[in-house]
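**Q** Dropping in work_17.csv, which is CSV, C-alpha atoms:
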chain,number,residue,atom,x,y,z
A,1,ALA,CA,-3.5,-35.4,3.2
A,2,ILE,CA,-5.0,-32.9,0.7
A,3,GLU,CA,-8.5,-33.2,2.1
A,4,GLU,CA,-7.3,-32.7,5.7
A,5,TYR,CA,-5.6,-29.4,4.7
A,6,LEU,CA,-8.6,-28.2,2.8
A,7,GLU,CA,-11.0,-28.9,5.6
A,8,ALA,CA,-8.8,-27.1,8.1
A,9,LYS,CA,-8.1,-24.1,5.8
A,10,TYR,CA,-11.6,-23.6,4.4
A,11,PRO,CA,-14.2,-24.4,7.1
A,12,PHE,CA,-17.1,-23.0,5.0
A,13,ASP,CA,-16.4,-25.4,2.1
A,14,THR,CA,-17.6,-28.9,1.8
A,15,ILE,CA,-14.8,-31.4,1.2
A,16,GLU,CA,-16.1,-34.6,-0.4
A,17,GLU,CA,-13.5,-37.3,0.1
A,18,ILE,CA,-13.4,-40.0,-2.6
A,19,LYS,CA,-13.1,-43.4,-0.9
A,20,LYS,CA,-10.1,-45.6,-1.7
A,21,GLY,CA,-10.9,-48.1,-4.3
A,22,ALA,CA,-13.6,-46.0,-5.9
A,23,ARG,CA,-12.9,-44.4,-9.3
A,24,GLY,CA,-11.5,-40.9,-9.1
A,25,GLY,CA,-9.1,-38.7,-7.3
A,26,ASP,CA,-8.6,-37.7,-3.7
A,27,CYS,CA,-11.5,-35.3,-3.1
A,28,ILE,CA,-13.8,-32.6,-4.4
A,29,GLN,CA,-13.9,-29.2,-2.8
A,30,VAL,CA,-17.3,-27.5,-3.0
A,31,VAL,CA,-16.6,-23.8,-2.5
A,32,ASN,CA,-19.0,-22.0,-0.2
A,33,THR,CA,-19.1,-18.5,1.4
A,34,MET,CA,-21.2,-16.9,4.0
A,35,GLU,CA,-23.4,-15.4,1.3
A,36,ALA,CA,-23.5,-18.2,-1.3
A,37,ARG,CA,-23.5,-22.0,-1.4
A,38,ASN,CA,-21.9,-24.2,-4.1
A,39,CYS,CA,-20.1,-21.4,-5.9
A,40,GLY,CA,-18.2,-24.1,-7.8
A,41,LYS,CA,-16.2,-27.3,-7.4
A,42,ILE,CA,-12.5,-28.1,-7.5
A,43,TYR,CA,-11.4,-31.7,-8.2
A,44,TYR,CA,-8.1,-32.8,-6.7
A,45,GLU,CA,-6.0,-35.8,-7.4
A,46,SER,CA,-2.5,-36.5,-6.1
A,47,LYS,CA,0.3,-38.8,-7.3
A,48,ARG,CA,3.4,-39.8,-5.4
A,49,THR,CA,5.5,-41.5,-8.0
A,50,LYS,CA,9.0,-40.9,-9.5
A,51,ASP,CA,7.7,-40.5,-13.0
A,52,PHE,CA,5.0,-38.3,-14.5
A,53,GLN,CA,2.6,-40.2,-16.7
A,54,LYS,CA,0.6,-38.4,-19.4
A,55,PRO,CA,-2.5,-40.6,-19.2
A,56,TRP,CA,-3.1,-39.1,-15.8
A,57,ILE,CA,-4.3,-35.9,-17.5
A,58,GLU,CA,-7.0,-37.6,-19.7
A,59,LYS,CA,-8.2,-39.8,-16.8
A,60,LEU,CA,-8.5,-36.8,-14.5
A,61,LYS,CA,-10.4,-34.8,-17.2
A,62,ALA,CA,-12.8,-37.8,-17.6
A,63,ASP,CA,-13.3,-38.2,-13.9
A,64,MET,CA,-13.9,-34.5,-13.5
A,65,ARG,CA,-16.7,-34.6,-16.1
A,66,ASP,CA,-18.3,-37.4,-14.2
A,67,LYS,CA,-18.2,-35.5,-10.9
A,68,GLY,CA,-19.4,-32.2,-12.4
A,69,ALA,CA,-16.3,-30.2,-11.2
A,70,ASP,CA,-15.3,-26.8,-12.6
A,71,ILE,CA,-11.5,-27.0,-12.1
A,72,ARG,CA,-9.2,-29.9,-12.1
A,73,VAL,CA,-5.9,-30.0,-10.2
A,74,LEU,CA,-3.2,-32.7,-10.3
A,75,VAL,CA,-0.8,-32.6,-7.3
A,76,THR,CA,2.3,-34.6,-8.0
A,77,GLU,CA,5.9,-35.1,-6.7
A,78,VAL,CA,7.2,-35.0,-10.3
A,79,LEU,CA,6.1,-32.4,-12.9
A,80,PRO,CA,5.8,-33.2,-16.6
A,81,LYS,CA,8.9,-32.4,-18.6
A,82,GLU,CA,7.3,-29.3,-20.2
A,83,LEU,CA,6.9,-27.7,-16.8
A,84,ASP,CA,9.5,-26.5,-14.3
A,85,ARG,CA,6.9,-25.1,-12.0
A,86,LEU,CA,3.1,-25.2,-11.7
A,87,GLY,CA,1.1,-24.7,-14.9
A,88,LEU,CA,-1.8,-25.7,-17.1
A,89,VAL,CA,-1.5,-28.9,-19.1
A,90,GLU,CA,-4.4,-29.5,-21.4
A,91,GLY,CA,-6.8,-27.6,-19.1
A,92,VAL,CA,-5.5,-29.3,-16.0
A,93,TRP,CA,-3.6,-27.4,-13.3
A,94,VAL,CA,-0.5,-29.4,-12.4
A,95,CYS,CA,1.5,-28.5,-9.3
A,96,THR,CA,3.9,-29.9,-6.7
A,97,PHE,CA,2.9,-30.6,-3.1
A,98,ASP,CA,4.8,-27.5,-2.0
A,99,GLU,CA,2.8,-25.4,-4.5
A,100,PHE,CA,-0.6,-26.9,-3.7
A,101,LYS,CA,-1.5,-24.8,-0.7
A,102,GLY,CA,-0.9,-21.5,-2.5
A,103,LEU,CA,-2.7,-22.7,-5.7
A,104,SER,CA,-5.7,-23.9,-3.7
A,105,ASN,CA,-6.2,-20.4,-2.3
A,106,VAL,CA,-6.0,-18.7,-5.7
A,107,LEU,CA,-8.3,-21.1,-7.4
A,108,ARG,CA,-10.9,-20.9,-4.6
A,109,GLU,CA,-10.9,-17.1,-4.8
A,110,SER,CA,-11.2,-17.2,-8.5
A,111,ILE,CA,-14.3,-19.5,-8.3
A,112,ILE,CA,-15.9,-17.1,-5.9
A,113,LYS,CA,-15.3,-14.2,-8.2
A,114,ILE,CA,-16.6,-16.1,-11.2
A,115,ASN,CA,-19.7,-17.0,-9.3
A,116,LEU,CA,-20.3,-13.3,-8.5
A,117,ALA,CA,-19.8,-12.4,-12.1
A,118,LYS,CA,-22.1,-15.1,-13.3
A,119,LYS,CA,-24.9,-13.9,-11.0
A,120,SER,CA,-24.5,-10.3,-12.2
A,121,LYS,CA,-24.7,-11.5,-15.8
A,122,GLU,CA,-27.4,-14.1,-15.4
A,123,ASN,CA,-28.8,-15.4,-18.7
A,124,LYS,CA,-26.1,-13.5,-20.6
A,125,THR,CA,-23.0,-15.7,-20.2
A,126,ASP,CA,-22.5,-19.3,-19.6
A,127,LYS,CA,-20.8,-20.1,-16.3
A,128,MET,CA,-18.4,-22.6,-17.7
A,129,SER,CA,-17.4,-20.3,-20.6
A,130,LEU,CA,-16.6,-17.5,-18.1
A,131,LEU,CA,-14.7,-19.8,-15.9
A,132,TYR,CA,-12.7,-21.5,-18.6
A,133,GLY,CA,-11.8,-18.2,-20.3
A,134,TYR,CA,-10.6,-16.6,-17.2
A,135,LEU,CA,-8.7,-19.6,-15.7
A,136,THR,CA,-6.9,-20.4,-19.0
A,137,SER,CA,-5.8,-16.8,-19.6
A,138,THR,CA,-2.1,-15.8,-19.6
A,139,GLU,CA,-2.9,-13.1,-17.1
A,140,PHE,CA,-4.4,-15.5,-14.6
A,141,THR,CA,-1.5,-17.9,-15.0
A,142,MET,CA,1.0,-15.2,-14.3
A,143,GLN,CA,-0.9,-14.1,-11.2
A,144,VAL,CA,-1.1,-17.6,-9.9
A,145,GLU,CA,2.7,-18.1,-10.4
A,146,ALA,CA,3.5,-14.9,-8.6
A,147,ILE,CA,1.2,-15.7,-5.6
A,148,VAL,CA,2.3,-19.2,-5.2
A,149,GLU,CA,6.0,-18.2,-5.5
A,150,GLY,CA,5.4,-15.7,-2.7
A,151,PHE,CA,3.6,-18.3,-0.6
A,152,THR,CA,6.4,-20.9,-1.1
A,153,GLN,CA,9.1,-18.3,-0.2
A,154,MET,CA,7.2,-17.4,3.0
A,155,GLN,CA,6.9,-21.1,3.9
A,156,SER,CA,10.6,-21.5,3.3
A,157,ASP,CA,11.5,-18.5,5.4
A,158,LEU,CA,9.3,-19.7,8.2
A,159,ASP,CA,11.0,-23.1,8.2
A,160,SER,CA,14.4,-21.4,8.2
A,161,GLU,CA,13.4,-19.3,11.2
A,162,LYS,CA,12.1,-22.4,13.1
A,163,ARG,CA,15.5,-24.1,12.5
A,164,SER,CA,17.4,-21.0,13.7
A,165,MET,CA,15.3,-20.6,16.9
A,166,THR,CA,15.7,-24.3,17.7
A,167,ARG,CA,19.5,-23.9,17.4
A,168,ILE,CA,19.5,-20.8,19.6
A,169,TRP,CA,17.3,-22.6,22.2
A,170,LYS,CA,19.8,-25.5,22.3
A,171,GLN,CA,22.7,-23.2,22.8
A,172,ARG,CA,20.9,-21.4,25.6
A,173,GLU,CA,20.0,-24.7,27.2
A,174,LYS,CA,23.7,-25.8,27.2
A,175,GLN,CA,24.8,-22.4,28.6
A,176,ILE,CA,22.3,-22.6,31.4
A,177,GLU,CA,23.3,-26.2,32.2
A,178,LYS,CA,27.0,-25.2,32.4
A,179,VAL,CA,26.3,-22.2,34.7
A,180,LEU,CA,24.1,-24.4,36.9
A,181,GLU,CA,26.7,-27.2,37.1
A,182,ASN,CA,29.5,-24.7,38.0
A,183,THR,CA,27.3,-23.0,40.6
A,184,ILE,CA,26.5,-26.4,42.3
A,185,GLY,CA,30.2,-27.4,42.2
A,186,MET,CA,31.2,-24.1,43.8
A,187,TYR,CA,28.5,-24.3,46.5
A,188,GLY,CA,29.5,-27.9,47.3
A,189,SER,CA,33.2,-27.0,47.7
A,190,ILE,CA,32.4,-24.0,50.0
A,191,LYS,CA,29.9,-26.1,52.0
A,192,GLY,CA,32.5,-28.8,52.5
A,193,ILE,CA,35.0,-26.3,53.9
A,194,ALA,CA,32.7,-24.1,56.0
A,195,GLY,CA,30.1,-26.6,57.0
A,196,ASN,CA,26.9,-25.4,58.6
A,197,SER,CA,28.3,-21.9,59.0
A,198,ILE,CA,27.2,-21.4,55.4
A,199,GLY,CA,23.4,-21.0,55.0
A,200,ASN,CA,21.6,-23.7,53.0
A,201,VAL,CA,20.5,-22.8,49.5
A,202,LYS,CA,17.4,-25.0,49.0
A,203,ALA,CA,17.6,-24.9,45.2
A,204,LEU,CA,21.1,-26.4,45.3
A,205,GLU,CA,20.4,-29.0,48.0
A,206,LEU,CA,19.6,-32.6,47.3
A,207,PRO,CA,16.1,-33.6,48.6
A,208,PHE,CA,16.1,-36.1,51.5
A,209,SER,CA,13.6,-37.6,53.9
A,210,GLU,CA,13.7,-37.7,57.7
A,211,GLU,CA,14.1,-41.5,57.6
A,212,ASP,CA,17.5,-41.2,55.9
Spit out the file's structure as structure tokens when you get a sec.
**A**
Amino acid sequence: AIEEYLEAKYPFDTIEEIKKGARGGDCIQVVNTMEARNCGKIYYESKRTKDFQKPWIEKLKADMRDKGADIRVLVTEVLPKELDRLGLVEGVWVCTFDEFKGLSNVLRESIIKINLAKKSKENKTDKMSLLYGYLTSTEFTMQVEAIVEGFTQMQSDLDSEKRSMTRIWKQREKQIEKVLENTIGMYGSIKGIAGNSIGNVKALELPFSEED
């Protein structure tokens, strides 16, 4: 689940799970650092359906206003037709479940930077204006796409390496079993011919009790 990943990945943050049956999404991530509390909030909602529905966007925006969140993210299995990868749709970040992990990291770091900028410009610039202007800029979108693309590729490479290692381990296991079987067979044949004149190899002997 989204909230479980966020709790494990960002231990300083407060993850407020929205109970099933209650109005709203999956959870709200309150971003904290060692130096500052409540730098900002990210509102997450996930959808696992075969078709993307446009009303989700308006509902999420309304829910976000009710919760007082700064950024809204919709994680879905199917993207809207105007997107072929993660992107902004009417001020809402829309991404797939594969892209979610990379995007969450970028958005969190952005909120921390915005909070620092807000503190340095206290009483000069509204926090929401700063945040909205930065997060909806073309530059930021391109940065997010590049970072998430790299993250997704690393995840894919890791999965590929895991599959390769599993295959290699299976091959080694079969080779070891074959060598061991042949060794036991050879030892048994020699033992049958030479009898007790051949010393016992404990590792190749069957266990037995004195009662047998």
**Q** Can you pull out the residues contacting stretch 148-151 of chain A? Cut-off 7 Å, using only C-alpha atoms, and skip same-chain residues under 5 positions away; I want them as a list in words.
**A**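 The contact residues come out as Glu99, Gly102 and Leu103 of chain A.
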**Q** For C-alpha atoms, I'd like the residues from the last selection saved as a short mmCIF file (atom, residue, chain, number, x, y, z; two decimals), in the coordinates of the input.
**A**
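File written: part.cif
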data_model
loop_
_atom_site.label_atom_id
_atom_site.label_comp_id
_atom_site.auth_asym_id
_atom_site.auth_seq_id
_atom_site.Cartn_x
_atom_site.Cartn_y
_atom_site.Cartn_z
CA GLU A 99 2.80 -25.40 -4.50
CA GLY A 102 -0.90 -21.50 -2.50
CA LEU A 103 -2.70 -22.70 -5.70
#
**Q** Record the distance separating atom CA of A:Ile42 and atom CA of A:Val30, expressed in Å with one decimal.
**A**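 So the answer is 6.6 Å.
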**Q** Got a sec: who's within 10 Å of A:Met64, counting all atoms listed in the file, leaving out chain neighbours fewer than 2 positions off, as a PyMOL selection string?
**A** chain A and resi 24-25+28+41-44+58-62+66-73
**Q** Please indicate the distance in Å from atom CA of A:Asp51 to atom CA of A:Val89, rounded to one decimal place.
**A** 16.0 Å
**Q** Work out how far apart atom CA of A:Ser160 and atom CA of A:Lys178 are and give it in Å to one decimal.
**A**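 Between these atoms lies a distance of 27.5 Å.
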**Q** Tell me which of A:Tyr134, A:Asp98, A:Leu116, A:Val106 sits closest to A:Ser156, counting all atoms listed in the file.
**A**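 Of A:Tyr134, A:Asp98, A:Leu116, A:Val106, the one nearest A:Ser156 is A:Asp98, counting all atoms listed in the file.
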**Q** Smallest atom-to-atom distance to A:Glu145: which of A:Asp84, A:Glu17, A:Glu90, A:Glu3, using all atoms listed in the file?
**A**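 Closest to A:Glu145 of all the choices is A:Asp84.
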**Q** A:Lys119, A:Leu74, A:Glu173, A:Phe52: which is nearest A:Trp93, counting only C-alpha atoms?
**A** A:Leu74
**Q** Taking all atoms listed in the file into account, name the residue in A:Ser104, A:Gln53, A:Ser46, A:Thr141 that is nearest to A:Glu7.
**A**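 For A:Glu7, the nearest of the candidates is A:Ser104.
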